[in-house]
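Participant: Structure file query.cif (mmCIF, C-alpha atoms) right here:
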```cif
data_model
#
loop_
_atom_site.label_atom_id
_atom_site.label_comp_id
_atom_site.auth_asym_id
_atom_site.auth_seq_id
_atom_site.Cartn_x
_atom_site.Cartn_y
_atom_site.Cartn_z
CA MET A 1 -48.21 -20.91 14.33
CA VAL A 2 -44.70 -20.84 12.83
CA GLY A 3 -45.10 -24.40 11.65
CA ILE A 4 -48.41 -23.58 9.95
CA VAL A 5 -46.93 -20.54 8.17
CA ASP A 6 -43.91 -22.61 7.04
CA PHE A 7 -46.30 -25.25 5.73
CA PHE A 8 -48.19 -22.66 3.67
CA HIS A 9 -44.95 -21.15 2.34
CA ARG A 10 -43.60 -24.55 1.36
CA LYS A 11 -46.75 -25.65 -0.37
CA ARG A 12 -47.59 -22.19 -1.72
CA SER A 13 -51.16 -23.00 -0.86
CA ARG A 14 -53.83 -20.92 -2.56
CA LEU A 15 -55.87 -21.15 0.66
CA ALA A 16 -53.34 -19.15 2.69
CA PRO A 17 -54.31 -15.54 3.42
CA HIS A 18 -52.52 -13.01 1.22
CA SER A 19 -51.03 -11.32 4.29
CA ILE A 20 -49.11 -14.49 5.16
CA ASN A 21 -47.52 -15.05 1.75
CA LYS A 22 -46.81 -11.42 0.97
CA TYR A 23 -43.32 -10.36 2.04
CA ARG A 24 -43.28 -7.06 3.93
CA PRO A 25 -39.96 -5.15 3.81
CA ARG A 26 -38.38 -4.14 7.09
CA GLU A 27 -37.40 -0.49 7.03
CA ALA A 28 -35.13 -0.90 10.06
CA ASN A 29 -32.43 -2.74 8.11
CA THR A 30 -32.45 -2.50 4.34
CA ILE A 31 -29.50 -4.86 3.76
CA PRO A 32 -31.14 -8.03 5.17
CA ASP A 33 -34.29 -6.92 3.39
CA HIS A 34 -32.46 -6.83 0.06
CA LEU A 35 -30.86 -10.25 0.65
CA ALA A 36 -34.17 -11.74 1.71
CA GLY A 37 -35.69 -10.43 -1.50
CA GLU A 38 -32.93 -12.10 -3.52
CA ALA A 39 -33.58 -15.39 -1.71
CA SER A 40 -37.33 -15.13 -2.30
CA SER A 41 -36.82 -14.48 -6.02
CA TYR A 42 -34.51 -17.47 -6.28
CA LEU A 43 -37.00 -19.79 -4.55
CA LEU A 44 -39.88 -18.59 -6.69
CA ALA A 45 -37.85 -19.23 -9.83
CA LEU A 46 -36.83 -22.64 -8.52
CA LEU A 47 -40.41 -23.62 -7.78
CA GLY A 48 -41.56 -22.36 -11.15
CA GLU A 49 -39.03 -24.52 -12.97
CA GLU A 50 -39.79 -27.73 -11.08
CA ASN A 51 -42.97 -28.02 -9.02
CA ASP A 52 -44.87 -26.46 -6.17
CA ASP A 53 -43.23 -28.59 -3.50
CA LEU A 54 -39.69 -28.24 -2.16
CA GLY A 55 -40.11 -31.40 -0.11
CA ASP A 56 -38.85 -31.87 3.41
CA ASN A 57 -35.18 -31.22 2.61
CA LEU A 58 -33.98 -28.77 5.27
CA ASP A 59 -30.30 -28.77 4.31
CA ASP A 60 -28.68 -25.35 3.89
CA PHE A 61 -27.64 -24.29 0.41
CA SER A 62 -26.01 -21.18 -1.07
CA ILE A 63 -27.60 -18.65 -3.41
CA LEU A 64 -25.29 -16.69 -5.70
CA CYS A 65 -26.09 -12.99 -6.08
CA ASP A 66 -24.16 -9.86 -6.99
CA PRO A 67 -22.94 -7.80 -3.99
CA PRO A 68 -25.22 -4.75 -3.57
CA TYR A 69 -22.30 -2.30 -3.41
CA GLU A 70 -24.40 0.83 -3.93
CA LEU A 71 -26.86 -0.19 -1.22
CA LEU A 72 -24.09 -1.06 1.21
CA LEU A 73 -22.29 2.23 0.66
CA ARG A 74 -25.52 4.18 0.98
CA GLU A 75 -26.14 2.50 4.34
CA ASN A 76 -22.56 3.21 5.54
CA ALA A 77 -21.82 -0.51 5.86
CA ILE A 78 -18.36 -2.01 6.13
CA ILE A 79 -17.80 -4.53 3.34
CA ALA A 80 -15.62 -7.40 4.57
CA GLY A 81 -14.15 -10.24 2.57
CA PRO A 82 -13.11 -10.32 -1.10
CA HIS A 83 -13.83 -7.26 -3.25
CA GLN A 84 -13.63 -6.36 -6.88
CA ALA A 85 -10.22 -4.81 -7.52
CA GLY A 86 -10.42 -1.07 -8.12
CA LYS A 87 -14.08 -0.82 -7.06
CA VAL A 88 -15.18 1.45 -4.22
CA VAL A 89 -16.26 -0.81 -1.37
CA LEU A 90 -16.17 1.56 1.59
CA ILE A 91 -17.01 5.23 2.20
CA LEU A 92 -16.04 6.78 5.52
CA THR A 93 -16.31 10.24 7.02
CA GLU A 94 -13.15 11.58 8.65
CA SER A 95 -13.65 14.57 10.94
CA MET A 96 -10.69 16.70 11.89
CA SER A 97 -10.26 17.59 15.54
CA CYS A 98 -8.25 20.80 15.10
CA ASP A 99 -8.79 24.23 13.58
CA TYR A 100 -7.25 25.81 10.48
CA TYR A 101 -4.33 27.23 12.50
CA TRP A 102 -3.01 23.73 13.25
CA MET A 103 -3.52 22.69 9.65
CA ILE A 104 -1.17 25.50 8.59
CA LYS A 105 1.35 24.44 11.24
CA CYS A 106 1.24 20.81 10.06
CA ALA A 107 1.64 21.90 6.44
CA SER A 108 5.02 23.47 7.28
CA TRP A 109 6.28 20.35 9.09
CA LYS A 110 9.51 18.91 7.64
CA ASP A 111 9.91 21.76 5.14
CA GLY A 112 6.40 21.33 3.76
CA GLN A 113 6.80 17.68 2.82
CA HIS A 114 3.04 17.09 3.23
CA LYS A 115 1.90 20.60 2.35
CA LYS A 116 0.06 19.64 -0.86
CA LEU A 117 -1.84 16.80 0.80
CA ILE A 118 -2.91 18.93 3.77
CA ALA A 119 -3.93 21.76 1.41
CA GLU A 120 -6.20 19.36 -0.49
CA MET A 121 -7.72 18.18 2.78
CA ALA A 122 -8.26 21.79 3.89
CA VAL A 123 -10.15 22.57 0.67
CA SER A 124 -12.25 19.40 0.83
CA SER A 125 -13.16 19.95 4.51
CA GLN A 126 -13.64 23.72 4.13
CA LYS A 127 -10.75 24.44 6.49
CA GLY A 128 -11.70 21.64 8.86
CA THR A 129 -15.30 22.73 9.41
CA LYS A 130 -16.81 19.73 7.58
CA PRO A 131 -15.87 16.04 7.58
CA LEU A 132 -13.96 14.48 4.71
CA ILE A 133 -15.84 11.95 2.57
CA VAL A 134 -13.28 9.28 1.66
CA GLU A 135 -13.74 6.36 -0.75
CA TYR A 136 -11.69 3.19 -0.28
CA VAL A 137 -10.77 0.60 -2.93
CA SER A 138 -8.83 -2.66 -3.00
CA ALA A 139 -5.66 -2.47 -5.10
CA ALA A 140 -4.77 -6.18 -5.33
CA LEU A 141 -5.55 -8.17 -8.47
CA ASP A 142 -7.89 -10.52 -6.61
CA GLY A 143 -9.68 -7.66 -4.86
CA GLU A 144 -8.77 -8.80 -1.34
CA GLY A 145 -6.52 -7.38 1.34
CA ARG A 146 -5.92 -3.83 2.45
CA LEU A 147 -8.11 -0.96 1.29
CA TYR A 148 -6.60 2.31 0.06
CA ALA A 149 -8.14 5.78 0.02
CA ARG A 150 -8.82 7.35 -3.38
CA GLN A 151 -8.85 10.91 -2.04
CA SER A 152 -6.63 12.89 0.29
CA SER A 153 -7.20 11.43 3.74
CA ALA A 154 -5.69 10.59 7.11
CA GLN A 155 -4.41 7.29 5.70
CA ARG A 156 -1.76 9.11 3.64
CA LEU A 157 -0.41 11.15 6.55
CA PRO A 158 2.39 10.06 8.89
CA ARG A 159 1.37 9.01 12.37
CA MET A 160 2.38 12.25 14.10
CA LEU A 161 0.27 14.41 11.78
CA ARG A 162 -2.69 12.04 12.10
CA ALA A 163 -2.48 12.41 15.87
CA ILE A 164 -2.55 16.22 15.61
CA LEU A 165 -5.28 16.52 12.99
CA PHE A 166 -7.51 13.59 13.99
CA GLY A 167 -6.41 12.65 17.50
CA ASN A 168 -9.59 13.72 19.31
CA THR A 169 -12.03 12.18 16.83
CA HIS A 170 -10.32 8.92 15.84
CA LYS A 171 -8.39 6.11 17.51
CA GLU A 172 -5.41 4.47 15.84
CA VAL A 173 -4.41 0.82 16.22
CA ASP A 174 -1.10 -0.25 14.72
CA ILE A 175 1.22 -3.27 14.77
CA SER A 176 4.88 -2.32 14.89
CA GLY A 177 6.71 -4.07 12.03
CA ALA A 178 3.61 -6.15 11.30
CA HIS A 179 4.77 -7.97 8.15
CA TYR A 180 8.19 -8.81 9.56
CA GLU A 181 6.77 -10.06 12.86
CA LEU A 182 4.06 -12.15 11.19
CA ILE A 183 6.64 -13.82 8.95
CA ARG A 184 9.03 -14.41 11.86
CA LEU A 185 6.33 -15.97 14.04
CA GLY A 186 4.60 -17.80 11.20
CA ALA A 187 7.80 -19.52 10.06
CA LYS A 188 8.96 -20.10 13.66
CA SER A 189 12.22 -18.44 12.68
CA THR A 190 15.14 -17.50 14.92
CA LEU A 191 15.11 -13.95 13.52
CA LEU A 192 15.38 -11.14 16.05
CA PRO A 193 12.10 -9.48 17.12
CA ILE A 194 11.44 -6.19 15.36
CA GLY A 195 12.43 -3.99 18.31
CA PRO A 196 15.94 -5.40 18.97
CA PHE A 197 16.55 -5.76 15.23
CA ARG A 198 15.75 -2.10 14.53
CA ASP A 199 18.02 -1.03 17.37
CA ALA A 200 20.92 -3.14 16.06
CA LEU A 201 20.44 -2.03 12.46
CA SER A 202 20.16 1.62 13.50
CA ARG A 203 23.44 1.44 15.45
CA SER A 204 25.17 -0.19 12.48
CA PHE A 205 23.93 2.39 9.96
CA ARG A 206 24.77 5.32 12.25
CA SER A 207 28.31 4.13 12.98
CA ASP A 208 29.19 3.75 9.31
CA CYS A 209 27.27 6.61 7.68
CA PRO A 210 28.68 10.04 6.79
CA ALA A 211 28.09 12.82 9.29
CA SER A 212 26.00 14.69 6.71
CA ARG A 213 23.20 12.10 6.78
CA GLN A 214 20.23 13.14 8.90
CA SER A 215 18.95 11.01 11.76
CA ASP A 216 15.39 10.87 10.32
CA THR A 217 16.72 9.52 7.03
CA ILE A 218 18.56 6.69 8.78
CA GLN A 219 15.46 5.85 10.83
CA ASN A 220 13.35 5.67 7.68
CA ASP A 221 15.89 3.32 6.08
CA VAL A 222 15.78 1.08 9.16
CA LYS A 223 11.99 0.76 8.89
CA LEU A 224 12.06 0.33 5.12
CA PHE A 225 14.77 -2.33 4.90
CA PRO A 226 12.70 -5.38 6.11
CA LEU A 227 9.87 -4.48 3.71
CA LEU A 228 12.33 -4.24 0.82
CA VAL A 229 13.71 -7.69 1.65
CA ILE A 230 10.18 -9.15 1.84
CA ASN A 231 9.06 -7.61 -1.46
CA SER A 232 12.19 -7.69 -3.64
CA GLY A 233 14.62 -10.14 -2.05
CA SER A 234 17.91 -9.96 -0.19
CA ALA A 235 20.26 -8.81 -2.97
CA ALA A 236 17.98 -6.08 -4.33
CA ALA A 237 17.21 -4.71 -0.84
CA CYS A 238 20.89 -4.59 0.10
CA ASN A 239 21.71 -2.79 -3.16
CA VAL A 240 19.06 -0.16 -2.43
CA MET A 241 20.44 0.42 1.08
CA SER A 242 23.98 0.69 -0.33
CA THR A 243 22.94 3.36 -2.82
CA LYS A 244 21.47 5.32 0.09
CA GLY A 245 24.89 5.38 1.74
CA ASN A 246 24.43 2.54 4.26
CA LEU A 247 27.17 -0.03 4.74
CA ILE A 248 25.80 -3.59 4.58
CA ARG A 249 27.81 -5.66 7.06
CA SER A 250 28.01 -9.45 6.86
CA TRP A 251 25.50 -10.03 9.67
CA ILE A 252 22.97 -7.83 7.87
CA LYS A 253 23.36 -9.85 4.68
CA LEU A 254 22.92 -13.12 6.62
CA TRP A 255 19.83 -11.70 8.35
CA ALA A 256 18.32 -10.71 4.97
CA ASP A 257 18.92 -14.19 3.55
CA GLU A 258 17.24 -15.80 6.56
CA LEU A 259 14.25 -13.45 6.22
CA VAL A 260 13.88 -14.49 2.57
CA LEU A 261 13.79 -18.16 3.60
CA ALA A 262 11.12 -17.44 6.24
CA ARG A 263 9.17 -15.34 3.73
CA ASN A 264 9.17 -18.12 1.13
CA CYS A 265 8.02 -20.62 3.76
CA VAL A 266 5.06 -18.47 4.81
CA THR A 267 4.07 -17.46 1.28
CA GLY A 268 4.30 -21.02 -0.03
CA ILE A 269 1.64 -22.12 2.46
CA LEU A 270 -0.60 -19.06 2.75
CA LEU A 271 -0.87 -17.91 -0.85
CA LEU A 272 -2.81 -20.95 -2.07
CA ARG A 273 -4.97 -21.14 1.07
CA LEU A 274 -5.83 -17.50 1.70
CA ARG A 275 -5.43 -15.92 -1.76
CA PRO A 276 -6.21 -18.69 -4.29
CA ASP A 277 -7.19 -16.18 -6.99
CA LEU A 278 -3.85 -14.37 -6.81
CA PRO A 279 -1.31 -15.67 -9.39
CA THR A 280 1.57 -17.56 -7.76
CA THR A 281 3.99 -15.60 -9.98
CA TYR A 282 2.53 -12.21 -8.98
CA ARG A 283 5.36 -9.79 -8.21
CA ASN A 284 3.91 -8.65 -4.86
CA ARG A 285 2.67 -12.08 -3.79
CA HIS A 286 4.80 -12.07 -0.62
CA PHE A 287 3.47 -8.70 0.49
CA HIS A 288 -0.17 -9.68 -0.14
CA SER A 289 0.21 -13.03 1.63
CA VAL A 290 1.41 -11.39 4.83
CA GLU A 291 -1.11 -8.58 4.35
CA THR A 292 -3.89 -11.16 4.57
CA LEU A 293 -2.51 -12.42 7.88
CA GLU A 294 -2.40 -8.84 9.14
CA THR A 295 -6.03 -8.31 8.07
CA ILE A 296 -7.20 -11.44 9.91
CA PHE A 297 -5.34 -10.41 13.06
CA MET A 298 -6.62 -6.83 12.98
CA ARG A 299 -10.17 -8.07 12.44
CA GLN A 300 -9.92 -10.02 15.69
CA VAL A 301 -8.57 -6.93 17.47
CA LEU A 302 -11.40 -4.76 16.12
CA GLN A 303 -14.01 -7.28 17.22
CA GLU A 304 -12.65 -7.02 20.76
CA VAL A 305 -12.69 -3.22 20.49
CA GLN A 306 -16.32 -3.25 19.36
CA LYS A 307 -17.27 -5.42 22.33
CA ARG A 308 -15.95 -2.78 24.69
CA SER A 309 -16.86 0.52 22.99
CA PHE A 310 -19.06 1.90 20.22
CA ALA A 311 -17.32 2.99 17.00
CA VAL A 312 -19.11 4.88 14.24
CA SER A 313 -16.62 3.73 11.60
CA ILE A 314 -13.55 1.51 11.60
CA ILE A 315 -10.81 1.30 8.97
#
```
Just dump the structure as structure tokens.

Facilitator:
Amino acid sequence: MVGIVDFFHRKRSRLAPHSINKYRPREANTIPDHLAGEASSYLLALLGEENDDLGDNLDDFSILCDPPYELLLRENAIIAGPHQAGKVVLILTESMSCDYYWMIKCASWKDGQHKKLIAEMAVSSQKGTKPLIVEYVSAALDGEGRLYARQSSAQRLPRMLRAILFGNTHKEVDISGAHYELIRLGAKSTLLPIGPFRDALSRSFRSDCPASRQSDTIQNDVKLFPLLVINSGSAAACNVMSTKGNLIRSWIKLWADELVLARNCVTGILLLRLRPDLPTTYRNRHFHSVETLETIFMRQVLQEVQKRSFAVSII
């Protein structure tokens, strides 16, 4: 029966019953329905231009069509792959797992450092009684890579506050020192792993810093330093750390130079292969190259998570 129907479709026979040729939308999944409609329109136009016979050529071919962003967002779909920079490609609901009392407590954490952000989230969620509706966009010039929230959301909070406000309704997956580790492994470098390196750098900064510097400030500098080297280079990163009151010892300078060499090695190969539309002179090209590796890795992790448990939405 399938062969007969295919024959009628291919020949567009006038003898075929109308019920066979007429496409009936499937209400169960509107996205494949939309794409099937685009394919049907393309084939009808192709047949109209040439003849009523496509022949026996069964080779696959691609059909170019605009991404149905509005339809995808309306259906709560996750849009993977390249996006248009600055365009909303994902809308997620983020439900808080605590009451207004804990929101007030979190707002006073670290002298109210995140008070404004939490206040905006409290207003948007009506004091935590309704979920947040968050739009995500791609910030890179080529529209690929990490997505960033346009509104106040869990993404902008530090990990501890996310655990308090969203811990019972969301799961968090993170790679410690992801960009540094991906560069180190990708270049097969002899750089220290992120754990031992942070410990050594923390001891160095603490032994040479003034007593007035707070422990949290030093820890933030330790986490920030590798990212500064990756994005701005060895000399600029060391200058920034020096202005913050950290003494840059000779081994730290040598480590930064070696990281730059590993970074250039990874970027030189990945940028043209994974981000061909990103200019090779783009200022943040190193960050976006490693970001693509991180995205690929996390996608594999999330696929394994989905095999084992159901997730309503995944960032």

Participant: To verify the selection step, state as a PyMOL selection string which residues the PyMOL selection byres ((chain A and resi 251-255) around 9) yields on this input.

Facilitator: chain A and resi 191-192+201+234-235+238+248-250+256-260

Participant: Find the residue from A:Phe61, A:Trp109, A:Phe287, A:Phe166 that sits nearest to Gly233 of chain A; use only C-alpha atoms when measuring.

Facilitator: A:Phe287

Participant: I'd like the contact shell of segment 261-267 of chain A - 12 Å cut-off, all atoms listed in the file, skipping same-chain residues fewer than 4 positions apart - returned as a PDB file with C-alpha atoms, keeping the file's coordinate frame.

Facilitator:
```pdb
ATOM      1  CA  HIS A 179       4.770  -7.970   8.150  1.00  0.00           C
ATOM      2  CA  TYR A 180       8.190  -8.810   9.560  1.00  0.00           C
ATOM      3  CA  GLU A 181       6.770 -10.060  12.860  1.00  0.00           C
ATOM      4  CA  LEU A 182       4.060 -12.150  11.190  1.00  0.00           C
ATOM      5  CA  ILE A 183       6.640 -13.820   8.950  1.00  0.00           C
ATOM      6  CA  ARG A 184       9.030 -14.410  11.860  1.00  0.00           C
ATOM      7  CA  LEU A 185       6.330 -15.970  14.040  1.00  0.00           C
ATOM      8  CA  GLY A 186       4.600 -17.800  11.200  1.00  0.00           C
ATOM      9  CA  ALA A 187       7.800 -19.520  10.060  1.00  0.00           C
ATOM     10  CA  LYS A 188       8.960 -20.100  13.660  1.00  0.00           C
ATOM     11  CA  SER A 189      12.220 -18.440  12.680  1.00  0.00           C
ATOM     12  CA  THR A 190      15.140 -17.500  14.920  1.00  0.00           C
ATOM     13  CA  LEU A 191      15.110 -13.950  13.520  1.00  0.00           C
ATOM     14  CA  PRO A 226      12.700  -5.380   6.110  1.00  0.00           C
ATOM     15  CA  LEU A 227       9.870  -4.480   3.710  1.00  0.00           C
ATOM     16  CA  LEU A 228      12.330  -4.240   0.820  1.00  0.00           C
ATOM     17  CA  VAL A 229      13.710  -7.690   1.650  1.00  0.00           C
ATOM     18  CA  ILE A 230      10.180  -9.150   1.840  1.00  0.00           C
ATOM     19  CA  ASN A 231       9.060  -7.610  -1.460  1.00  0.00           C
ATOM     20  CA  SER A 232      12.190  -7.690  -3.640  1.00  0.00           C
ATOM     21  CA  GLY A 233      14.620 -10.140  -2.050  1.00  0.00           C
ATOM     22  CA  SER A 234      17.910  -9.960  -0.190  1.00  0.00           C
ATOM     23  CA  LEU A 254      22.920 -13.120   6.620  1.00  0.00           C
ATOM     24  CA  TRP A 255      19.830 -11.700   8.350  1.00  0.00           C
ATOM     25  CA  ALA A 256      18.320 -10.710   4.970  1.00  0.00           C
ATOM     26  CA  ASP A 257      18.920 -14.190   3.550  1.00  0.00           C
ATOM     27  CA  LEU A 271      -0.870 -17.910  -0.850  1.00  0.00           C
ATOM     28  CA  LEU A 272      -2.810 -20.950  -2.070  1.00  0.00           C
ATOM     29  CA  ARG A 273      -4.970 -21.140   1.070  1.00  0.00           C
ATOM     30  CA  LEU A 274      -5.830 -17.500   1.700  1.00  0.00           C
ATOM     31  CA  ARG A 275      -5.430 -15.920  -1.760  1.00  0.00           C
ATOM     32  CA  PRO A 276      -6.210 -18.690  -4.290  1.00  0.00           C
ATOM     33  CA  LEU A 278      -3.850 -14.370  -6.810  1.00  0.00           C
ATOM     34  CA  THR A 280       1.570 -17.560  -7.760  1.00  0.00           C
ATOM     35  CA  THR A 281       3.990 -15.600  -9.980  1.00  0.00           C
ATOM     36  CA  TYR A 282       2.530 -12.210  -8.980  1.00  0.00           C
ATOM     37  CA  ASN A 284       3.910  -8.650  -4.860  1.00  0.00           C
ATOM     38  CA  ARG A 285       2.670 -12.080  -3.790  1.00  0.00           C
ATOM     39  CA  HIS A 286       4.800 -12.070  -0.620  1.00  0.00           C
ATOM     40  CA  PHE A 287       3.470  -8.700   0.490  1.00  0.00           C
ATOM     41  CA  HIS A 288      -0.170  -9.680  -0.140  1.00  0.00           C
ATOM     42  CA  SER A 289       0.210 -13.030   1.630  1.00  0.00           C
ATOM     43  CA  VAL A 290       1.410 -11.390   4.830  1.00  0.00           C
ATOM     44  CA  GLU A 291      -1.110  -8.580   4.350  1.00  0.00           C
ATOM     45  CA  THR A 292      -3.890 -11.160   4.570  1.00  0.00           C
ATOM     46  CA  LEU A 293      -2.510 -12.420   7.880  1.00  0.00           C
TER      47      LEU A 293
END
```

Participant: Just checking: using all atoms listed in the file, which residue out of A:Val173, A:Ala140, A:Met96, A:Leu117 ends up closest to Arg156 of chain A?

Facilitator: A:Leu117

Participant: Using all atoms listed in the file, which of A:Gly145, A:Gly195, A:Gly245, A:Gly177 sits nearest Leu224 of chain A?

Facilitator: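 Result for the nearest residue to Leu224 of chain A: A:Gly177.
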
Participant: Tell me which of A:Ala107, A:Glu144, A:Gln151, A:Val222 sits closest to Ser124 of chain A, counting only C-alpha atoms.

Facilitator: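 Result for the nearest residue to Ser124 of chain A: A:Gln151.
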
Participant: Might you pull out every residue within 8 Å of segment 28-39 of chain A, with all atoms listed in the file counted and same-chain residues fewer than 5 positions away left off, and present them as a compact mmCIF listing (two decimals) with C-alpha atoms, in the frame of the given file?

Facilitator:
```txt
# COMPACT_ATOMS: atom_id res chain seq x y z
CA ILE A 63 -27.60 -18.65 -3.41
CA CYS A 65 -26.09 -12.99 -6.08
CA LEU A 71 -26.86 -0.19 -1.22
CA LEU A 72 -24.09 -1.06 1.21
```

Participant: Between A:Ile194, A:Asn220, A:Ile91, A:Ser215, which residue has the minimum interatomic distance to Ile175 of chain A, considering only C-alpha atoms?

Facilitator: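 Once distances to Ile175 of chain A are computed over only C-alpha atoms, the minimum belongs to A:Ile194.
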
Participant: Which value, in Å to one decimal, gives the distance between atom CA of Val89 of chain A and atom CA of Lys171 of chain A?

Facilitator: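 Atom-to-atom, atom CA of Val89 of chain A and atom CA of Lys171 of chain A are spaced 21.6 Å apart.
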
Participant: I need the residue nearest Ser153 of chain A from this list: A:Gln126, A:Ser202, A:Gly112, A:Thr93. Use only C-alpha atoms for the distance.

Facilitator: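 Nearest to Ser153 of chain A: A:Thr93.
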
Participant: Around (-11.0, 16.4, 16.7), as given in the file, which residues come within 12 Å? Count all atoms listed in the file and list them as an MDAnalysis selection string.

Facilitator: chainID A and resid 94:100 102 128:131 162:171

Participant: Using Å and a single decimal, report how far atom CA of Leu157 of chain A sits from atom CA of Val137 of chain A.

Facilitator: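 Rounded to one decimal, the two atoms are 17.6 Å apart.
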
Participant: One decimal, in Å: what's the spacing between atom CA of Asp66 of chain A and atom CA of Leu44 of chain A?

Facilitator: 18.0 Å

Participant: Selection in question (the file shown): the PyMOL selection byres ((chain A and resi 110) around 12). Which residues does it include, as a PyMOL selection string?

Facilitator: chain A and resi 105-109+111-115+158+160-161+216-217

Participant: On this structure, the PyMOL selection byres ((chain A and resi 206) around 12) would catch which residues? List them as a PyMOL selection string, sorted by chain and number.

Facilitator: chain A and resi 198-205+207-219+221-222+245-248
